[in-house]
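Pasting model.pdb here (PDB, C-alpha atoms, pLDDT in the B column):
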ATOM      1  CA  MET A   1     161.877 128.592 116.125  1.00 83.00           C
ATOM      2  CA  ILE A   2     160.222 131.861 117.059  1.00 85.00           C
ATOM      3  CA  GLU A   3     159.111 130.337 120.381  1.00 88.00           C
ATOM      4  CA  VAL A   4     162.731 129.618 121.328  1.00 92.00           C
ATOM      5  CA  LEU A   5     163.654 133.237 120.562  1.00 91.00           C
ATOM      6  CA  GLN A   6     160.710 134.452 122.637  1.00 91.00           C
ATOM      7  CA  ILE A   7     161.724 132.274 125.593  1.00 94.00           C
ATOM      8  CA  ILE A   8     165.290 133.593 125.390  1.00 94.00           C
ATOM      9  CA  ILE A   9     164.042 137.193 125.282  1.00 94.00           C
ATOM     10  CA  LEU A  10     161.653 136.673 128.206  1.00 94.00           C
ATOM     11  CA  ILE A  11     164.421 135.119 130.325  1.00 95.00           C
ATOM     12  CA  GLY A  12     166.635 138.069 129.376  1.00 94.00           C
ATOM     13  CA  LEU A  13     163.861 140.479 130.420  1.00 94.00           C
ATOM     14  CA  LEU A  14     163.613 138.793 133.840  1.00 95.00           C
ATOM     15  CA  LEU A  15     167.391 138.773 134.288  1.00 94.00           C
ATOM     16  CA  THR A  16     167.841 142.445 133.363  1.00 94.00           C
ATOM     17  CA  ALA A  17     164.920 143.496 135.598  1.00 94.00           C
ATOM     18  CA  ILE A  18     166.318 141.605 138.601  1.00 95.00           C
ATOM     19  CA  LEU A  19     169.839 142.928 137.897  1.00 93.00           C
ATOM     20  CA  ALA A  20     168.547 146.523 137.702  1.00 91.00           C
ATOM     21  CA  VAL A  21     167.049 146.159 141.174  1.00 92.00           C
ATOM     22  CA  LEU A  22     170.121 144.485 142.689  1.00 91.00           C
ATOM     23  CA  GLN A  23     172.760 146.949 141.413  1.00 88.00           C
ATOM     24  CA  THR A  24     174.228 149.336 143.965  1.00 87.00           C
ATOM     25  CA  ASP A  25     175.954 151.463 141.296  1.00 89.00           C
ATOM     26  CA  LEU A  26     173.136 153.630 139.919  1.00 90.00           C
ATOM     27  CA  LEU A  27     174.800 154.139 136.526  1.00 90.00           C
ATOM     28  CA  HIS A  28     174.971 150.383 136.021  1.00 91.00           C
ATOM     29  CA  ALA A  29     171.289 150.132 137.017  1.00 92.00           C
ATOM     30  CA  ALA A  30     170.332 152.800 134.430  1.00 92.00           C
ATOM     31  CA  VAL A  31     172.233 151.012 131.665  1.00 92.00           C
ATOM     32  CA  THR A  32     170.610 147.706 132.685  1.00 94.00           C
ATOM     33  CA  LEU A  33     167.200 149.355 132.389  1.00 93.00           C
ATOM     34  CA  GLY A  34     168.229 150.459 128.877  1.00 92.00           C
ATOM     35  CA  ALA A  35     168.999 146.836 128.004  1.00 93.00           C
ATOM     36  CA  PHE A  36     165.598 145.856 129.477  1.00 94.00           C
ATOM     37  CA  SER A  37     163.864 148.383 127.210  1.00 93.00           C
ATOM     38  CA  PHE A  38     165.790 147.137 124.184  1.00 93.00           C
ATOM     39  CA  LEU A  39     164.745 143.531 124.868  1.00 93.00           C
ATOM     40  CA  LEU A  40     161.156 144.700 125.367  1.00 93.00           C
ATOM     41  CA  ALA A  41     161.268 146.465 121.976  1.00 93.00           C
ATOM     42  CA  LEU A  42     162.535 143.236 120.393  1.00 93.00           C
ATOM     43  CA  GLU A  43     159.648 141.331 122.002  1.00 93.00           C
ATOM     44  CA  PHE A  44     157.120 143.867 120.678  1.00 93.00           C
ATOM     45  CA  TYR A  45     158.592 143.432 117.203  1.00 92.00           C
ATOM     46  CA  ILE A  46     158.285 139.645 117.394  1.00 93.00           C
ATOM     47  CA  LEU A  47     154.647 140.047 118.545  1.00 92.00           C
ATOM     48  CA  GLN A  48     154.051 142.001 115.268  1.00 91.00           C
ATOM     49  CA  ALA A  49     153.694 145.478 116.774  1.00 92.00           C
ATOM     50  CA  PRO A  50     156.529 147.352 114.994  1.00 91.00           C
ATOM     51  CA  ASP A  51     154.825 150.665 115.789  1.00 91.00           C
ATOM     52  CA  VAL A  52     155.096 150.087 119.543  1.00 92.00           C
ATOM     53  CA  ALA A  53     158.598 148.677 119.092  1.00 92.00           C
ATOM     54  CA  ILE A  54     159.863 151.912 117.510  1.00 91.00           C
ATOM     55  CA  ALA A  55     158.255 153.996 120.258  1.00 90.00           C
ATOM     56  CA  GLU A  56     159.690 151.742 122.980  1.00 90.00           C
ATOM     57  CA  ALA A  57     163.186 151.849 121.457  1.00 89.00           C
ATOM     58  CA  GLY A  58     163.073 155.636 121.092  1.00 88.00           C
ATOM     59  CA  ILE A  59     161.515 156.530 124.443  1.00 90.00           C
ATOM     60  CA  GLY A  60     162.535 153.648 126.682  1.00 87.00           C
ATOM     61  CA  ALA A  61     166.034 152.775 125.557  1.00 87.00           C
ATOM     62  CA  ALA A  62     167.272 156.249 124.592  1.00 88.00           C
ATOM     63  CA  LEU A  63     165.390 159.061 126.319  1.00 90.00           C
ATOM     64  CA  THR A  64     164.694 157.645 129.785  1.00 91.00           C
ATOM     65  CA  THR A  65     168.252 156.284 130.042  1.00 90.00           C
ATOM     66  CA  ALA A  66     169.578 159.733 129.174  1.00 89.00           C
ATOM     67  CA  ILE A  67     167.331 161.427 131.745  1.00 89.00           C
ATOM     68  CA  PHE A  68     168.408 158.871 134.389  1.00 90.00           C
ATOM     69  CA  ILE A  69     172.043 159.665 133.540  1.00 87.00           C
ATOM     70  CA  PHE A  70     171.398 163.414 133.957  1.00 86.00           C
ATOM     71  CA  ALA A  71     169.774 162.766 137.332  1.00 87.00           C
ATOM     72  CA  ILE A  72     172.625 160.475 138.449  1.00 87.00           C
ATOM     73  CA  ARG A  73     175.082 163.224 137.486  1.00 82.00           C
ATOM     74  CA  ALA A  74     173.329 165.483 140.009  1.00 82.00           C
ATOM     75  CA  VAL A  75     172.761 163.115 142.938  1.00 83.00           C
ATOM     76  CA  GLY A  76     175.911 160.994 142.823  1.00 80.00           C
ATOM     77  CA  ARG A  77     176.651 157.536 141.534  1.00 81.00           C
ATOM     78  CA  LYS A  78     176.603 155.308 144.602  1.00 81.00           C
ATOM     79  CA  GLU A  79     173.448 154.135 146.330  1.00 76.00           C
ATOM     80  CA  VAL A  80     173.331 155.357 149.922  1.00 77.00           C
ATOM     81  CA  THR A  81     172.292 152.628 152.359  1.00 73.00           C
ATOM     82  CA  SER A  82     171.284 153.789 155.791  1.00 68.00           C
TER      83      SER A  82
ATOM     84  CA  MET B   1     182.436 165.533 133.306  1.00 57.00           C
ATOM     85  CA  LYS B   2     184.109 165.664 129.942  1.00 66.00           C
ATOM     86  CA  GLN B   3     183.676 162.581 127.821  1.00 73.00           C
ATOM     87  CA  SER B   4     186.472 160.845 125.961  1.00 81.00           C
ATOM     88  CA  ASN B   5     187.284 161.431 122.292  1.00 85.00           C
ATOM     89  CA  ILE B   6     185.782 158.091 121.298  1.00 90.00           C
ATOM     90  CA  VAL B   7     182.368 158.930 122.785  1.00 87.00           C
ATOM     91  CA  ARG B   8     182.268 162.431 121.292  1.00 88.00           C
ATOM     92  CA  ILE B   9     183.355 161.430 117.769  1.00 91.00           C
ATOM     93  CA  THR B  10     181.040 158.396 117.707  1.00 92.00           C
ATOM     94  CA  ALA B  11     178.131 160.627 118.743  1.00 90.00           C
ATOM     95  CA  ASP B  12     179.028 163.153 116.041  1.00 90.00           C
ATOM     96  CA  ILE B  13     179.152 160.414 113.391  1.00 93.00           C
ATOM     97  CA  MET B  14     175.907 158.741 114.529  1.00 92.00           C
ATOM     98  CA  PHE B  15     173.899 161.985 114.852  1.00 92.00           C
ATOM     99  CA  PRO B  16     173.084 162.606 111.123  1.00 94.00           C
ATOM    100  CA  PHE B  17     172.139 158.966 110.573  1.00 95.00           C
ATOM    101  CA  ILE B  18     169.759 158.966 113.549  1.00 93.00           C
ATOM    102  CA  MET B  19     168.164 162.218 112.364  1.00 93.00           C
ATOM    103  CA  ILE B  20     167.726 160.892 108.816  1.00 94.00           C
ATOM    104  CA  PHE B  21     166.166 157.654 110.097  1.00 93.00           C
ATOM    105  CA  GLY B  22     163.779 159.690 112.256  1.00 92.00           C
ATOM    106  CA  ALA B  23     162.849 161.874 109.286  1.00 93.00           C
ATOM    107  CA  TYR B  24     162.240 158.691 107.243  1.00 93.00           C
ATOM    108  CA  VAL B  25     159.911 157.307 109.912  1.00 92.00           C
ATOM    109  CA  VAL B  26     158.014 160.629 110.016  1.00 92.00           C
ATOM    110  CA  LEU B  27     157.713 161.086 106.250  1.00 91.00           C
ATOM    111  CA  HIS B  28     156.656 157.471 105.591  1.00 91.00           C
ATOM    112  CA  GLY B  29     154.202 157.544 108.485  1.00 88.00           C
ATOM    113  CA  HIS B  30     151.193 156.814 106.265  1.00 87.00           C
ATOM    114  CA  LEU B  31     152.903 153.904 104.469  1.00 88.00           C
ATOM    115  CA  THR B  32     155.092 152.013 106.956  1.00 88.00           C
ATOM    116  CA  PRO B  33     155.006 151.403 110.728  1.00 88.00           C
ATOM    117  CA  GLY B  34     155.728 154.497 112.721  1.00 84.00           C
ATOM    118  CA  GLY B  35     154.537 158.042 112.380  1.00 86.00           C
ATOM    119  CA  GLY B  36     154.942 161.457 113.876  1.00 87.00           C
ATOM    120  CA  PHE B  37     155.419 160.446 117.502  1.00 91.00           C
ATOM    121  CA  GLN B  38     157.785 157.546 116.820  1.00 92.00           C
ATOM    122  CA  GLY B  39     159.939 159.484 114.344  1.00 92.00           C
ATOM    123  CA  GLY B  40     160.026 162.514 116.633  1.00 92.00           C
ATOM    124  CA  ALA B  41     161.162 160.319 119.534  1.00 92.00           C
ATOM    125  CA  VAL B  42     163.931 158.829 117.374  1.00 92.00           C
ATOM    126  CA  MET B  43     165.104 162.314 116.326  1.00 92.00           C
ATOM    127  CA  ALA B  44     164.967 163.539 119.948  1.00 92.00           C
ATOM    128  CA  SER B  45     167.136 160.574 120.967  1.00 91.00           C
ATOM    129  CA  GLY B  46     169.731 161.852 118.461  1.00 91.00           C
ATOM    130  CA  VAL B  47     169.690 165.285 120.122  1.00 89.00           C
ATOM    131  CA  VAL B  48     169.983 163.628 123.559  1.00 89.00           C
ATOM    132  CA  LEU B  49     172.987 161.654 122.297  1.00 88.00           C
ATOM    133  CA  LEU B  50     174.716 164.969 121.500  1.00 87.00           C
ATOM    134  CA  LEU B  51     173.753 166.259 124.970  1.00 85.00           C
ATOM    135  CA  ILE B  52     175.348 163.270 126.718  1.00 84.00           C
ATOM    136  CA  ALA B  53     178.501 163.301 124.619  1.00 85.00           C
ATOM    137  CA  HIS B  54     179.286 167.020 124.702  1.00 81.00           C
ATOM    138  CA  CYS B  55     179.906 169.670 127.281  1.00 70.00           C
ATOM    139  CA  ASP B  56     177.394 172.359 128.231  1.00 65.00           C
ATOM    140  CA  LYS B  57     179.420 175.142 126.595  1.00 67.00           C
ATOM    141  CA  ASP B  58     179.320 173.410 123.197  1.00 69.00           C
ATOM    142  CA  ILE B  59     175.621 172.612 123.599  1.00 71.00           C
ATOM    143  CA  LYS B  60     174.585 176.254 123.988  1.00 70.00           C
ATOM    144  CA  THR B  61     175.709 177.015 120.423  1.00 72.00           C
ATOM    145  CA  LEU B  62     174.848 173.554 119.062  1.00 72.00           C
ATOM    146  CA  ILE B  63     171.251 173.262 120.328  1.00 76.00           C
ATOM    147  CA  PRO B  64     169.618 176.692 120.726  1.00 80.00           C
ATOM    148  CA  THR B  65     166.687 176.234 123.100  1.00 82.00           C
ATOM    149  CA  GLN B  66     164.712 179.228 121.856  1.00 87.00           C
ATOM    150  CA  ILE B  67     164.639 177.870 118.279  1.00 88.00           C
ATOM    151  CA  LEU B  68     163.432 174.510 119.648  1.00 88.00           C
ATOM    152  CA  LYS B  69     160.610 176.244 121.529  1.00 90.00           C
ATOM    153  CA  ASN B  70     159.609 178.083 118.326  1.00 92.00           C
ATOM    154  CA  VAL B  71     159.665 174.797 116.378  1.00 91.00           C
ATOM    155  CA  GLU B  72     157.372 173.257 119.003  1.00 91.00           C
ATOM    156  CA  THR B  73     154.887 176.114 118.650  1.00 93.00           C
ATOM    157  CA  PHE B  74     155.094 175.878 114.858  1.00 93.00           C
ATOM    158  CA  GLY B  75     154.310 172.154 114.925  1.00 92.00           C
ATOM    159  CA  LEU B  76     151.288 172.669 117.162  1.00 92.00           C
ATOM    160  CA  LEU B  77     150.014 175.533 114.982  1.00 93.00           C
ATOM    161  CA  LEU B  78     150.528 173.512 111.777  1.00 92.00           C
ATOM    162  CA  PHE B  79     148.521 170.601 113.233  1.00 91.00           C
ATOM    163  CA  GLY B  80     145.678 172.828 114.409  1.00 91.00           C
ATOM    164  CA  LEU B  81     145.528 174.949 111.274  1.00 91.00           C
ATOM    165  CA  SER B  82     145.566 171.979 108.898  1.00 89.00           C
ATOM    166  CA  ALA B  83     142.581 170.601 110.837  1.00 89.00           C
ATOM    167  CA  LEU B  84     140.808 173.988 110.929  1.00 90.00           C
ATOM    168  CA  ALA B  85     141.385 174.638 107.201  1.00 88.00           C
ATOM    169  CA  ALA B  86     138.807 171.947 106.437  1.00 87.00           C
ATOM    170  CA  VAL B  87     136.194 173.980 108.333  1.00 89.00           C
ATOM    171  CA  ILE B  88     137.138 177.094 106.365  1.00 88.00           C
ATOM    172  CA  LEU B  89     136.865 175.138 103.099  1.00 85.00           C
ATOM    173  CA  GLY B  90     133.325 174.100 103.982  1.00 82.00           C
ATOM    174  CA  SER B  91     133.527 170.563 105.396  1.00 83.00           C
ATOM    175  CA  GLY B  92     133.885 169.063 108.858  1.00 84.00           C
ATOM    176  CA  PHE B  93     136.707 169.426 111.361  1.00 87.00           C
ATOM    177  CA  PHE B  94     139.687 167.135 110.525  1.00 86.00           C
ATOM    178  CA  THR B  95     138.322 166.364 107.035  1.00 84.00           C
ATOM    179  CA  ASN B  96     141.048 165.221 104.651  1.00 84.00           C
ATOM    180  CA  TRP B  97     140.799 168.204 102.291  1.00 82.00           C
ATOM    181  CA  LEU B  98     144.119 167.618 100.464  1.00 80.00           C
ATOM    182  CA  VAL B  99     143.516 164.063  99.294  1.00 80.00           C
ATOM    183  CA  ASN B 100     142.984 163.403  95.533  1.00 79.00           C
ATOM    184  CA  THR B 101     143.380 167.093  94.657  1.00 78.00           C
ATOM    185  CA  GLY B 102     146.726 166.788  92.856  1.00 73.00           C
ATOM    186  CA  LEU B 103     148.317 169.299  95.220  1.00 78.00           C
ATOM    187  CA  LEU B 104     150.964 168.450  97.842  1.00 78.00           C
ATOM    188  CA  PHE B 105     150.508 164.803  99.002  1.00 81.00           C
ATOM    189  CA  GLY B 106     147.365 164.706  96.843  1.00 78.00           C
ATOM    190  CA  THR B 107     148.071 162.260  94.022  1.00 81.00           C
ATOM    191  CA  PRO B 108     145.065 159.998  93.410  1.00 81.00           C
ATOM    192  CA  VAL B 109     145.697 156.281  93.893  1.00 81.00           C
ATOM    193  CA  GLU B 110     143.953 153.501  91.948  1.00 80.00           C
ATOM    194  CA  TYR B 111     142.083 150.820  93.833  1.00 84.00           C
ATOM    195  CA  GLY B 112     143.867 147.576  94.518  1.00 81.00           C
ATOM    196  CA  PRO B 113     147.277 146.650  95.924  1.00 85.00           C
ATOM    197  CA  ASN B 114     150.199 148.962  95.268  1.00 84.00           C
ATOM    198  CA  PRO B 115     153.761 149.264  96.591  1.00 83.00           C
ATOM    199  CA  GLY B 116     152.869 152.450  98.495  1.00 82.00           C
ATOM    200  CA  TYR B 117     153.389 155.888  96.997  1.00 83.00           C
ATOM    201  CA  LEU B 118     154.905 158.647  99.107  1.00 84.00           C
ATOM    202  CA  ASN B 119     152.999 161.539  97.528  1.00 84.00           C
ATOM    203  CA  THR B 120     149.577 160.377  98.709  1.00 83.00           C
ATOM    204  CA  GLY B 121     147.515 160.570 101.859  1.00 83.00           C
ATOM    205  CA  GLY B 122     146.351 164.166 101.772  1.00 83.00           C
ATOM    206  CA  VAL B 123     146.514 165.886 105.127  1.00 87.00           C
ATOM    207  CA  ILE B 124     147.817 162.818 107.032  1.00 89.00           C
ATOM    208  CA  PRO B 125     151.534 163.290 106.123  1.00 90.00           C
ATOM    209  CA  VAL B 126     151.216 167.016 106.913  1.00 90.00           C
ATOM    210  CA  MET B 127     149.904 166.192 110.384  1.00 91.00           C
ATOM    211  CA  ASN B 128     152.624 163.529 110.796  1.00 92.00           C
ATOM    212  CA  ILE B 129     155.271 166.162 110.021  1.00 93.00           C
ATOM    213  CA  ALA B 130     153.615 168.563 112.488  1.00 94.00           C
ATOM    214  CA  VAL B 131     153.548 165.938 115.262  1.00 93.00           C
ATOM    215  CA  GLY B 132     157.133 164.939 114.454  1.00 93.00           C
ATOM    216  CA  LEU B 133     158.409 168.523 114.807  1.00 93.00           C
ATOM    217  CA  GLU B 134     156.381 168.970 117.987  1.00 93.00           C
ATOM    218  CA  VAL B 135     157.677 165.774 119.646  1.00 92.00           C
ATOM    219  CA  LEU B 136     161.280 166.402 118.547  1.00 92.00           C
ATOM    220  CA  ALA B 137     161.282 169.928 119.962  1.00 92.00           C
ATOM    221  CA  ALA B 138     159.376 169.139 123.158  1.00 92.00           C
ATOM    222  CA  LEU B 139     161.465 166.112 124.182  1.00 91.00           C
ATOM    223  CA  SER B 140     164.685 167.955 123.296  1.00 90.00           C
ATOM    224  CA  VAL B 141     163.665 170.952 125.412  1.00 90.00           C
ATOM    225  CA  ILE B 142     162.827 168.639 128.338  1.00 89.00           C
ATOM    226  CA  ALA B 143     166.230 166.944 128.048  1.00 87.00           C
ATOM    227  CA  VAL B 144     168.110 170.268 127.681  1.00 87.00           C
ATOM    228  CA  ILE B 145     166.408 171.763 130.755  1.00 85.00           C
ATOM    229  CA  MET B 146     167.084 168.575 132.739  1.00 84.00           C
ATOM    230  CA  PHE B 147     170.724 168.735 131.586  1.00 84.00           C
ATOM    231  CA  ARG B 148     171.128 172.400 132.552  1.00 81.00           C
ATOM    232  CA  SER B 149     169.516 172.001 135.975  1.00 79.00           C
ATOM    233  CA  THR B 150     171.960 169.272 137.033  1.00 75.00           C
ATOM    234  CA  GLU B 151     174.939 171.646 136.555  1.00 64.00           C
ATOM    235  CA  PRO B 152     177.497 169.315 134.988  1.00 58.00           C
ATOM    236  CA  ASP B 153     181.170 169.878 135.737  1.00 60.00           C
ATOM    237  CA  CYS B 154     182.712 171.025 132.464  1.00 58.00           C
ATOM    238  CA  GLY B 155     186.208 171.956 133.463  1.00 52.00           C
ATOM    239  CA  GLY B 156     187.625 168.482 134.048  1.00 49.00           C
ATOM    240  CA  GLU B 157     190.690 167.259 132.240  1.00 44.00           C
ATOM    241  CA  GLU B 158     190.338 165.066 129.185  1.00 43.00           C
ATOM    242  CA  GLN B 159     190.197 161.391 130.048  1.00 39.00           C
TER     243      GLN B 159
END
Represent the structure from my file as structure tokens, please.
Amino acid sequence: MIEVLQIIILIGLLLTAILAVLQTDLLHAAVTLGAFSFLLALEFYILQAPDVAIAEAGIGAALTTAIFIFAIRAVGRKEVTS
Amino acid sequence: MKQSNIVRITADIMFPFIMIFGAYVVLHGHLTPGGGFQGGAVMASGVVLLLIAHCDKDIKTLIPTQILKNVETFGLLLFGLSALAAVILGSGFFTNWLVNTGLLFGTPVEYGPNPGYLNTGGVIPVMNIAVGLEVLAALSVIAVIMFRSTEPDCGGEEQ
């Protein structure tokens, strides 16, 4: 049972990571990275490291997403392709 | 960029719950998973939620940066002094001088399994609180300075 959940979470991790690279809208990419961090926190919790899971959820999903959003506010939302 | 009413009111409602959960993680650091750093990060994410949802003009009165800097210094001093107090009391650096004394966090615990009592642990909860204050203030100051330096547009009409 727990293996099925782990496989689903690992596939979700791969999908969100690939999506975050492929997005051209930077705000969407930042939110996708937040979802990646949330799934990673869930995986840490399943691997019986609740300590790391709390730190990952606090730092990865909340703080870095917020700092990315502040930076995107300054540099503009669309990716510039030359 | 002014956020909509839904975002602002949801952030206002969620803020006290996030802060209380962070304080729970800090205070139960010696009993349950988590501790000073994790609880401080959770509380700082609550402050950052307010930063994202509100405008810069509201933030200046809501989150005073100077008080946060003072809290950071206080946390660092509390951590260092609670470690140095053991030297003054005649034992080694970082010795747990509060445990089993009956003072704050000093209730003696019998051997064997127990459900976990909050008022135990000696100097460990004190240092957890110090690290929690330090991390909360430091991460909030980083986010506030990042927020200020990007010069958000506050004058837009309500969406």
(request) Using the chain letters and residue numbers of this document, give as a ChimeraX atom specification the residues selected by the PyMOL selection byres ((chain A) within 10 of (chain B)). (result) /A:49-75
(request) Find the distance between CA of Leu19 (chain A) and CA of Arg77 (chain A) and write it in Å to one decimal. (result) 16.5 Å
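For the set A:Ala17, A:Gly12, A:His28, A:Leu5, the residue with the smallest atom-to-atom gap to Lys78 (chain A) is A:His28, counting all atoms listed in the file.
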(request) Quick one: apply the PyMOL selection byres ((chain B and resi 107) around 10) to the file and drop the selected residues here as a PyMOL selection string. (result) chain B and resi 98-106+108-110+117-122
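Residue membership of the PyMOL selection byres ((chain A and resi 24) around 10) in the shown file amounts to Leu19, Ala20, Val21, Leu22, Gln23, Asp25, Leu26, Leu27, His28, Ala29, Arg77, Lys78, Glu79, Val80 and Thr81 of chain A.
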(request) Quick one: everything within 12 Å of Ile46 (chain A), counting all atoms listed in the file, minus sequence neighbours fewer than 2 positions away in the same chain. Send it as a list in words. (result) Met1, Ile2, Glu3, Val4, Leu5, Gln6, Ile7, Ile9, Leu10, Leu39, Leu40, Ala41, Leu42, Glu43, Phe44, Gln48, Ala49, Pro50, Asp51, Val52 and Ala53 of chain A
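Taking CA of Glu72 (chain B) and CA of Phe94 (chain B) as endpoints, the distance between them is 20.5 Å.
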Expected axis-aligned box over every listed atom of region 122-138 of chain B, 5 Å added per side, centre plus edges in Å to one decimal, as AutoDock Vina command-line options:
--center_x 153.8 --center_y 166.4 --center_z 112.5 --size_x 24.9 --size_y 17.1 --size_z 31.4
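We find CA of Gly92 (chain B) and CA of Met127 (chain B) to be spaced 16.3 Å apart.
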